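J.: For reference, the file run-v9.tsv (TSV, C-alpha atoms) is included below:
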chain	number	residue	atom	x	y	z
A	1	MET	CA	-36.97	-35.96	-12.19
A	2	ASP	CA	-40.10	-36.95	-10.38
A	3	ASN	CA	-42.45	-34.56	-8.56
A	4	THR	CA	-40.94	-35.27	-5.15
A	5	GLN	CA	-37.45	-34.39	-6.39
A	6	ILE	CA	-38.76	-31.23	-8.06
A	7	LYS	CA	-40.57	-30.11	-4.89
A	8	SER	CA	-37.40	-30.72	-2.87
A	9	LEU	CA	-35.38	-28.73	-5.39
A	10	ILE	CA	-37.89	-25.86	-5.30
A	11	THR	CA	-37.51	-25.68	-1.52
A	12	GLU	CA	-33.73	-25.74	-1.84
A	13	ILE	CA	-33.71	-23.04	-4.54
A	14	ARG	CA	-36.13	-20.84	-2.57
A	15	GLY	CA	-33.78	-20.98	0.43
A	16	GLU	CA	-30.59	-20.37	-1.52
A	17	GLN	CA	-31.87	-17.66	-3.85
A	18	HIS	CA	-34.12	-15.89	-1.30
A	19	ILE	CA	-37.13	-16.11	-3.58
A	20	SER	CA	-40.27	-14.26	-2.59
A	21	PRO	CA	-43.12	-16.45	-1.35
A	22	PHE	CA	-45.25	-14.71	-3.97
A	23	GLU	CA	-43.30	-16.31	-6.82
A	24	GLU	CA	-45.32	-19.39	-7.73
A	25	ASP	CA	-43.95	-22.92	-7.48
A	26	LYS	CA	-45.33	-23.65	-10.98
A	27	VAL	CA	-43.02	-21.01	-12.46
A	28	LEU	CA	-40.00	-22.45	-10.64
A	29	GLU	CA	-41.04	-25.95	-11.68
A	30	GLY	CA	-41.06	-24.81	-15.30
A	31	TYR	CA	-37.56	-23.38	-14.98
A	32	ILE	CA	-36.34	-26.62	-13.37
A	33	LYS	CA	-37.81	-28.75	-16.15
A	34	GLU	CA	-36.28	-26.48	-18.81
A	35	ALA	CA	-32.91	-26.68	-17.08
A	36	GLU	CA	-33.10	-30.45	-16.76
A	37	TYR	CA	-33.95	-30.83	-20.45
A	38	ASP	CA	-31.27	-28.38	-21.58
A	39	ILE	CA	-28.49	-29.94	-19.51
A	40	ASN	CA	-29.43	-33.52	-20.40
A	41	ASN	CA	-29.71	-32.57	-24.08
A	42	HIS	CA	-26.27	-30.97	-24.16
A	43	VAL	CA	-24.62	-33.75	-22.20
A	44	GLY	CA	-26.31	-36.46	-24.26
A	45	THR	CA	-27.63	-38.55	-21.40
A	46	GLU	CA	-30.05	-38.42	-18.49
A	47	ILE	CA	-28.31	-37.12	-15.38
A	48	ASP	CA	-29.31	-38.00	-11.84
A	49	PHE	CA	-29.34	-34.53	-10.28
A	50	GLU	CA	-29.67	-36.06	-6.81
A	51	LYS	CA	-26.28	-37.79	-7.11
A	52	ASP	CA	-24.31	-35.48	-9.41
A	53	LEU	CA	-23.84	-32.35	-7.34
A	54	LYS	CA	-21.95	-30.48	-10.08
A	55	ALA	CA	-24.89	-30.96	-12.43
A	56	ARG	CA	-27.30	-30.02	-9.64
A	57	SER	CA	-25.42	-26.78	-9.05
A	58	LEU	CA	-25.51	-26.02	-12.77
A	59	LEU	CA	-29.26	-26.65	-12.81
A	60	LYS	CA	-29.82	-24.27	-9.88
A	61	ASN	CA	-27.74	-21.59	-11.59
A	62	TYR	CA	-29.78	-22.11	-14.77
A	63	VAL	CA	-32.92	-21.41	-12.73
A	64	LEU	CA	-31.36	-18.28	-11.23
A	65	TYR	CA	-30.44	-16.85	-14.63
A	66	SER	CA	-33.80	-17.87	-16.10
A	67	ARG	CA	-35.67	-16.01	-13.39
A	68	PHE	CA	-33.91	-12.80	-14.40
A	69	LYS	CA	-34.15	-13.48	-18.17
A	70	ARG	CA	-30.35	-13.79	-18.52
A	71	LEU	CA	-29.99	-17.19	-20.21
A	72	ALA	CA	-27.69	-15.91	-22.94
A	73	GLU	CA	-25.30	-14.69	-20.26
A	74	PHE	CA	-25.63	-17.99	-18.40
A	75	LYS	CA	-24.76	-19.96	-21.55
A	76	GLN	CA	-21.64	-17.86	-22.02
A	77	LEU	CA	-20.49	-18.06	-18.41
A	78	TYR	CA	-21.21	-21.77	-17.91
A	79	ALA	CA	-20.12	-23.19	-21.29
A	80	GLY	CA	-17.14	-24.77	-19.54
A	81	GLU	CA	-19.39	-26.51	-17.03
A	82	TYR	CA	-21.42	-28.02	-19.87
A	83	ALA	CA	-18.19	-29.22	-21.49
A	84	ASN	CA	-17.00	-30.75	-18.21
A	85	LEU	CA	-20.27	-32.64	-17.81
A	86	GLN	CA	-20.03	-33.87	-21.41
A	87	ALA	CA	-16.54	-35.18	-20.67
A	88	ASP	CA	-17.72	-36.83	-17.44
A	89	TYR	CA	-20.56	-38.65	-19.21
A	90	TYR	CA	-18.75	-39.42	-22.48
A	91	LYS	CA	-19.16	-42.99	-23.65
A	92	SER	CA	-16.65	-44.17	-26.19
A	93	SER	CA	-17.88	-46.23	-29.13
A	94	ASP	CA	-15.83	-48.92	-30.80
A	95	ILE	CA	-16.57	-47.68	-34.28
Just give me the structure as structure tokens.
T.:
Amino acid sequence: MDNTQIKSLITEIRGEQHISPFEEDKVLEGYIKEAEYDINNHVGTEIDFEKDLKARSLLKNYVLYSRFKRLAEFKQLYAGEYANLQADYYKSSDI
């Protein structure tokens, strides 16, 4: 994700999650980058979070759980979403 997309996502997350204006954008940016890496790593490909709204929703929920230090709970609750994304992006090999 480029900086423009991240800034747009920060604004969106702030509105949806009612985040205090005192919580710094840099912190939210860090959570977004962690979420992007984690989701892409598990799925096995780079996802366009602007186009794939299911993945975007998962990323925003990752940020929510990260903010409250509940990632273990997030991983448990959203394991099915990760599996669905893996299935959506699966590329068969001819081996």
J.: When you draw a straight line from atom CA of Tyr65 of chain A to atom CA of Ala87 of chain A, how long is it in Å?
T.: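 Those two atoms sit 23.8 Å apart.
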J.: For atom CA of Ile10 of chain A and atom CA of Tyr82 of chain A, determine how far apart the two atoms are, in Å to one decimal place.
T.: 22.1 Å
J.: List the neighbours of Glu36 of chain A out to 9 Å using only C-alpha atoms; skip same-chain residues closer than 3 positions along the sequence, and give me the result as a list in words.
T.: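 Contacts, with the query itself left out: Met1, Tyr31, Ile32, Lys33, Ile39, Asn40, Asn41, Glu46, Ile47, Phe49 and Leu59 of chain A.
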J.: Point out the residue among A:Pro21, A:Ile13, A:Tyr62, A:Ala55 with the least atom-to-atom distance to Val43 of chain A, counting all atoms listed in the file.
T.: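 Distance minimum relative to Val43 of chain A lands on A:Ala55.
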J.: Can you tell me which residues surround Glu24 of chain A at a distance of at most 12 Å, considering all atoms listed in the file, apart from same-chain residues fewer than 5 positions away, and format the answer as a ChimeraX atom specification?
T.: /A:10-11,14,19,29-31,67
J.: Quick one: pull the distance between atom CA of Lys54 of chain A and atom CA of Phe22 of chain A, Å, one decimal.
T.: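 Between atom CA of Lys54 of chain A and atom CA of Phe22 of chain A the gap works out to 28.8 Å.
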J.: Rank nothing, just name the residue among A:Tyr37, A:Val27, A:Tyr90, A:Glu50 nearest to Ser8 of chain A, using all atoms listed in the file.
T.: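 Checking each candidate against Ser8 of chain A, we get A:Glu50 as the closest.
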J.: Choose the residue, out of A:Val63, A:Leu85, A:Leu77, A:Leu71, that has the smallest atom-to-atom separation from Gln17 of chain A; count all atoms listed in the file.
T.: A:Val63
J.: Closest to Ala79 of chain A among A:Asp52, A:Lys7, A:Ser57, A:His42, using all atoms listed in the file?
T.: A:His42
J.: Counting all atoms listed in the file, figure out which residue out of A:Glu23, A:His18, A:Arg56, A:Gly44 gets nearest to Ile6 of chain A.
T.: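 Using all atoms listed in the file, Ile6 of chain A sits closest to A:Arg56.
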